[in-house]
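> To start, I am sharing the structure in question, which I have written as C-alpha cells.
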Amino acid sequence: MAATKKAVLGPLVGAVDQGTSSTRFLVFNSKTAELLSHHQVEIKQEFPREGWVEQDPKEILQSVYECIEKTCEKLGQLNIDISNIKAIGVSNQRETTVVWDKLTGEPLYNAVVWLDLRTQSTVEKLSKRIPGNNNFVKSKTGLPLSTYFSAVKLRWLLDNVRKVQKAVEENRALFGTIDSWLIWSLTGGVNGGVHCTDVTNASRTMLFNIHSLEWDKELCEFFGIPMAILPNVRSSSEIYGLMKAGALEGVPISGCLGDQSAALVGQMCFQDGQAKNTYGTGCFLLCNTGHKCVFSEHGLLTTVAYKLGRDKPVYYALEGSVAIAGAVIRWLRDNLGIIQSSEEIEKLAKEVGTSYGCYFVPAFSGLYAPYWEPSARGIICGLTQFTNKCHIAFAALEAVCFQTREILDAMNRDCGIPLSHLQVDGGMTSNKILMQLQADILYIPVVKPSMPETTALGAAMAAGAAEGVGVWSLEPEDLSAVTMERFEPQINAEESEIRYSTWKKAVMKSMGWVTTQSPESDPSIFCSLPLGFFIVSSMVMLIGARYISG
C-alpha cells in the first residue's frame with residue numbers, strides 16, 4: 001500500500017508561548033499566517049506565603065517539550081510534514097526571574113513570578129537611595145522602582161538563598177527571565193546552551209539602559225548585581241541557536257519577544273500611535289511610539305517594543321500594566337470554587353446582566369498602572385443580601401474593563417490623541433460579554449481579530465523573518481489581511497461615566513491596607529514572636545470574650 005502523501009503547505013514556523021497560566025506551542029503557515037495546530041498545558045503556580053508567587057522552572061521547561069511533541073503528533077495526524085517547520089520563536093511571561101547552575105543545569109530556586117510581592121521592603125530601602133531630583137533608575141530604564149521587575153527579585157535571591165550566593169561566588173550561576181532559561185535549555189543546556197535574551201525582555205529587568213540598549217554598569221552596581229551572570233542581549237529576530245533535542249532537533253530558534261511585545265507585532269502595530277490591549281493573566285495596553293522614548297506623566301511605563309533584526313532600528317512603546325485580569329477568573333475557580341471552569345464565568349454573568357451595584361477591585365498584588373500602589377489589596381464592595389455569585393462574576397469581568405479604562409485614559413493623556421478604537425487579543429477575548437462590556441465602559445469600539453493567538457503569531461513572525469531563515473516577509477504589502485470582529489458601545493455615555501466614577505471610589509477604598517511591617521504581609525514575623533506573646537494574647541482574648549458574653 002502506498003504511503004499517505006504529506007500535505008505541502010510551504011514553510012511553517014513554530015512558536016513557544018510560555019505564559020503565567022499555561023504553555024503552548026503553535027504552528028503557523030508563514031505565507032498566510034494561518035494557525036495549523038497547537039497544544040496547551042496549564043502551569044502550576046505556588047503560593048508559599050501570602051504575596052509570594054513561584055513556579056517550577058523544570059515544570060515550565062518540561063511543558064514546552066510536551067507541547068512541541070504533542071503539536072508535532074497532531075500535525076502528523078493532519079498529514080502535515082513537520083520537516084516544513086523552518087524556525088521557532090519564543091514568547092514569554094516577562095520579569096519572572098530564574099537563577100540556575102550552568103554546570104548541572106539545575107535551577108537554584110523556584111522562578112520568582114512577576115506578580116510576587118516579597119520584595120516590597122527591598123524596594124522601600126532602595127528608593128531611599130535614589131535622589132529626588134535625579135531618578136536615574138527611571139530615566140535609564142523607563143520603569144518605576146517596583147516589586148514587578150526582575151532586578152529586585154534577583155536582589156532578594158542573592159540576599160536570601162544560600163545556594164544562589166554560593167553559585168555566584170563559584171562562578172556557576174546564570175540569571176535569566178523565562179526566555180533565557182528556555183533558549184539556554186533548548187539549545188543544549190550544559191552542553192553549549194546559548195545564554196541570551198532579547199531587548200524587549202532585557203528592558204523589563206531594571207538593569208538595562210533602554211537608550212544605549214546595553215546592561216548598565218551603574219544600575220547593576222545600584223542593585224548589587226554581578227554582571228557576569230547576565231545573558232547576552234540580542235535583537236528580537238535573529239538565529240540564537242538550534243534545537244538540540246526532540247521532534248524539531250536542528251530547527252533554529254530565531255525569534256524572541258516578551259509576550260506583550262509579541263502581541264504588538266502579532267497585531268501588526270508597526271506604526272507610531274498604533275496600540276493593542278492583551279487580556280491574559282494580567283492586562284497590558286501597549287502603544288507604539290516609534291523610534292523615540294516617550295516618558296509618561298500619568299503612571300505608564302516606557303519600554304522597548306521590538307528590534308526585528310541585528311541591524312534594524314529599535315522601536316519603543318508606552319505601556320499600561322494591570323496585574324490581575326484573567327487571574328481573577330482563576331481565583332474565582334480555584335480559591336472560591338464558584339465556577340468549575342474559566343468558561344463558566346460568561347454563563348454566570350449572562351444570567352444577571354449586571355453587577356447590581358457590586359464592585360470588585362482585584363488588587364491581589366497591589367495596584368499597577370496608573371497608581372503603582374503596593375499597599376492596595378483586593379476588595380469586593382457594594383454587597384447586599386440580594387448579591388449572589390452571578391453578580392460577583394459580572395463584577396469580576398467589569399473590573400477587567402474598568403482597569404483597562406484607567407490605563408487607556410492615561411495613554412490618551414500622554415499621547416494627546418485619543419484612540420478611536422481598541423485592538424484586543426488574548427485568551428479572555430473569547431468572552432463576548434467581556435468584549436461588549438469593554439466597548440461600553442471605554443465608549444469606543446473594540447476590535448478583535450478572528451484568530452486571537454496574536455502573541456504566538458508575533459513570535460512566529462519574528463522567527464520567520466530572521467536573517468538566515470527568511471520565510472516570513474514583514475513588508476506591509478506582504479502582511480496578510482486579518483478579519484476582525486467589532487463590538488460597538490451599547491449604553492449611553494452618561495451611564496458609562498457613572499459606573500466608572502463609582503469604580504474609582506472603590507479603588508480608593510482598596511488602598512492603604514498593607515504596610516511592610518504588618519504581619520499580614522510577612523508571615524515570618526509570626527515565626528519570630530516569642531511563645532509568651534501568643535499565650536498572653538490568647539488570655540486577653542479569652543477574658544474579653546467572657547466579659548462580652550456577660
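If you're wondering about the labels, chains in the C-alpha cells are A, B, ... by order shown, residues count from 1 in each chain, ligands from 1 in order shown.
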Find the residues around segment 51-67 of chain A up to 6 Å (only C-alpha atoms counted), leave out those fewer than 3 positions away in its own chain, and share them as a PyMOL selection string.
chain A and resi 24-25+39+45-47+70-71+110-113+116-118
> Please produce a file of those selected residues containing N, CA, C and O atoms, as a PDB file, in the first residue's frame.

ATOM      1  N   ARG A  24       2.092  26.986  25.580  1.00  0.00           N
ATOM      2  CA  ARG A  24       1.522  26.484  24.322  1.00  0.00           C
ATOM      3  C   ARG A  24       2.616  26.429  23.262  1.00  0.00           C
ATOM      4  O   ARG A  24       3.579  27.190  23.322  1.00  0.00           O
ATOM      5  N   PHE A  25       2.423  25.528  22.310  1.00  0.00           N
ATOM      6  CA  PHE A  25       3.244  25.536  21.098  1.00  0.00           C
ATOM      7  C   PHE A  25       2.278  25.575  19.931  1.00  0.00           C
ATOM      8  O   PHE A  25       1.326  24.796  19.865  1.00  0.00           O
ATOM      9  N   HIS A  39      -0.902  22.927  20.917  1.00  0.00           N
ATOM     10  CA  HIS A  39      -1.162  22.143  22.132  1.00  0.00           C
ATOM     11  C   HIS A  39      -0.879  23.037  23.329  1.00  0.00           C
ATOM     12  O   HIS A  39       0.025  23.875  23.287  1.00  0.00           O
ATOM     13  N   GLN A  45       0.935  27.287  39.766  1.00  0.00           N
ATOM     14  CA  GLN A  45       1.512  28.423  40.488  1.00  0.00           C
ATOM     15  C   GLN A  45       1.555  28.045  41.958  1.00  0.00           C
ATOM     16  O   GLN A  45       0.604  27.452  42.477  1.00  0.00           O
ATOM     17  N   GLU A  46       2.658  28.375  42.622  1.00  0.00           N
ATOM     18  CA  GLU A  46       2.796  28.059  44.040  1.00  0.00           C
ATOM     19  C   GLU A  46       2.752  29.366  44.830  1.00  0.00           C
ATOM     20  O   GLU A  46       3.338  30.367  44.423  1.00  0.00           O
ATOM     21  N   PHE A  47       2.070  29.311  45.988  1.00  0.00           N
ATOM     22  CA  PHE A  47       1.942  30.493  46.848  1.00  0.00           C
ATOM     23  C   PHE A  47       2.449  30.118  48.246  1.00  0.00           C
ATOM     24  O   PHE A  47       1.651  29.905  49.160  1.00  0.00           O
ATOM     25  N   LYS A  70       3.488  17.078  21.294  1.00  0.00           N
ATOM     26  CA  LYS A  70       2.058  16.828  21.042  1.00  0.00           C
ATOM     27  C   LYS A  70       1.583  17.570  19.782  1.00  0.00           C
ATOM     28  O   LYS A  70       0.785  17.043  19.004  1.00  0.00           O
ATOM     29  N   THR A  71       2.082  18.794  19.581  1.00  0.00           N
ATOM     30  CA  THR A  71       1.696  19.543  18.374  1.00  0.00           C
ATOM     31  C   THR A  71       2.220  18.837  17.129  1.00  0.00           C
ATOM     32  O   THR A  71       1.505  18.738  16.113  1.00  0.00           O
ATOM     33  N   ASN A 110      13.051  28.206  42.922  1.00  0.00           N
ATOM     34  CA  ASN A 110      11.898  28.343  42.025  1.00  0.00           C
ATOM     35  C   ASN A 110      11.964  29.667  41.268  1.00  0.00           C
ATOM     36  O   ASN A 110      12.607  30.621  41.720  1.00  0.00           O
ATOM     37  N   ALA A 111      11.285  29.742  40.140  1.00  0.00           N
ATOM     38  CA  ALA A 111      11.142  31.007  39.419  1.00  0.00           C
ATOM     39  C   ALA A 111      10.289  31.941  40.274  1.00  0.00           C
ATOM     40  O   ALA A 111       9.213  31.548  40.736  1.00  0.00           O
ATOM     41  N   VAL A 112      10.790  33.158  40.502  1.00  0.00           N
ATOM     42  CA  VAL A 112      10.019  34.163  41.250  1.00  0.00           C
ATOM     43  C   VAL A 112       9.200  34.945  40.215  1.00  0.00           C
ATOM     44  O   VAL A 112       9.752  35.621  39.349  1.00  0.00           O
ATOM     45  N   VAL A 113       7.880  34.809  40.294  1.00  0.00           N
ATOM     46  CA  VAL A 113       6.972  35.280  39.242  1.00  0.00           C
ATOM     47  C   VAL A 113       6.787  36.792  39.327  1.00  0.00           C
ATOM     48  O   VAL A 113       6.875  37.391  40.407  1.00  0.00           O
ATOM     49  N   ASP A 116       4.881  38.463  42.149  1.00  0.00           N
ATOM     50  CA  ASP A 116       5.351  38.249  43.516  1.00  0.00           C
ATOM     51  C   ASP A 116       5.623  39.576  44.234  1.00  0.00           C
ATOM     52  O   ASP A 116       6.177  40.516  43.656  1.00  0.00           O
ATOM     53  N   LEU A 117       5.246  39.634  45.525  1.00  0.00           N
ATOM     54  CA  LEU A 117       5.357  40.885  46.304  1.00  0.00           C
ATOM     55  C   LEU A 117       6.400  40.840  47.422  1.00  0.00           C
ATOM     56  O   LEU A 117       6.491  41.792  48.194  1.00  0.00           O
ATOM     57  N   ARG A 118       7.178  39.752  47.522  1.00  0.00           N
ATOM     58  CA  ARG A 118       8.065  39.615  48.682  1.00  0.00           C
ATOM     59  C   ARG A 118       9.123  40.720  48.767  1.00  0.00           C
ATOM     60  O   ARG A 118       9.735  40.902  49.807  1.00  0.00           O
TER      61      ARG A 118
END
> Looking only at the backbone, which of the residues in segment 139-339 of chain A does DSSP tag as strand (DSSP E), as a ChimeraX atom specification?
/A:173-177,196-198,208-209,214-215,232-234,237-242,252-258,275-279,283-290,301-306,315-322
> In terms of the shortest atom-to-atom distance over only C-alpha atoms, which of A:Leu174, A:Leu422, A:Ala396, A:Leu12 is closest to Gly378 of chain A?
A:Ala396
> Fewer than 5 positions away in the same chain doesn't count, so skip those; otherwise give me all residues within 7 Å of Asp198 of chain A, counting only C-alpha atoms, as a ChimeraX atom specification.
/A:233-236,256-257
> Grab the atom CA of Ser365 of chain A to atom CA of Arg49 of chain A distance for me, in Å with one decimal place.
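Those two atoms sit 12.8 Å apart.
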> Hey, what's within 7 Å of segment 308-317 of chain A if we count only C-alpha atoms and toss same-chain stuff fewer than 2 positions away? As a list in words, please?
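Once the nearby chain positions are removed, what remains is Ser235, Ser236, Ser237, Glu238, Leu286, Cys287, Asn288, Thr289, Gly290, His291, Lys292, Cys293, Thr302, Thr303, Val304, Ala305, Tyr306, Glu319, Ala462 and Ala466 of chain A.
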> Interatomic distance between atom CA of Glu351 of chain A and atom CA of Gln403 of chain A?
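That distance, rounded to one decimal, is 23.3 Å.
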> Between A:Leu108, A:Val514, A:Val471, A:Ile498, single out the one closest to Val164 of chain A, counting only C-alpha atoms.
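Checking each candidate against Val164 of chain A, we get A:Leu108 as the closest.
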> Smallest atom-to-atom distance to Thr32 of chain A: which of A:Gln120, A:Gln274, A:Ser473, A:Thr197, using only C-alpha atoms?
A:Ser473
> So which one's closest to Ala463 of chain A, A:Cys269, A:Met484, A:Thr187, A:Tyr240? Using only C-alpha atoms, please.
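Smallest distance to Ala463 of chain A is found for A:Tyr240.
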> Give the alpha helix (DSSP H) residues of segment 267-404 of chain A, as assigned by DSSP on the backbone, as number ranges by chain.
A: 326-331, 344-352, 389-404
> Just want the 9 Å neighbourhood of Ala33 of chain A, counted on only C-alpha atoms, with same-chain residues fewer than 5 positions away dropped. Output as a ChimeraX atom specification.
/A:28,457,461,479-480
> Quick one: distance from atom CA of Thr119 of chain A to atom CA of Val328 of chain A in Å, one decimal?
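Result for atom CA of Thr119 of chain A versus atom CA of Val328 of chain A: 22.3 Å, one decimal.
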> Segment 205-208 of chain A: which residues within 7 Å, counting only C-alpha atoms, same-chain residues fewer than 3 positions away excluded, as a list in words?
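Result of the neighbour search: Glu95, Thr141, Leu143, Phe149, Ser150, Ala151, Ala202, Leu213, Glu214, Trp215, Asp216, Leu219 and Cys220 of chain A.
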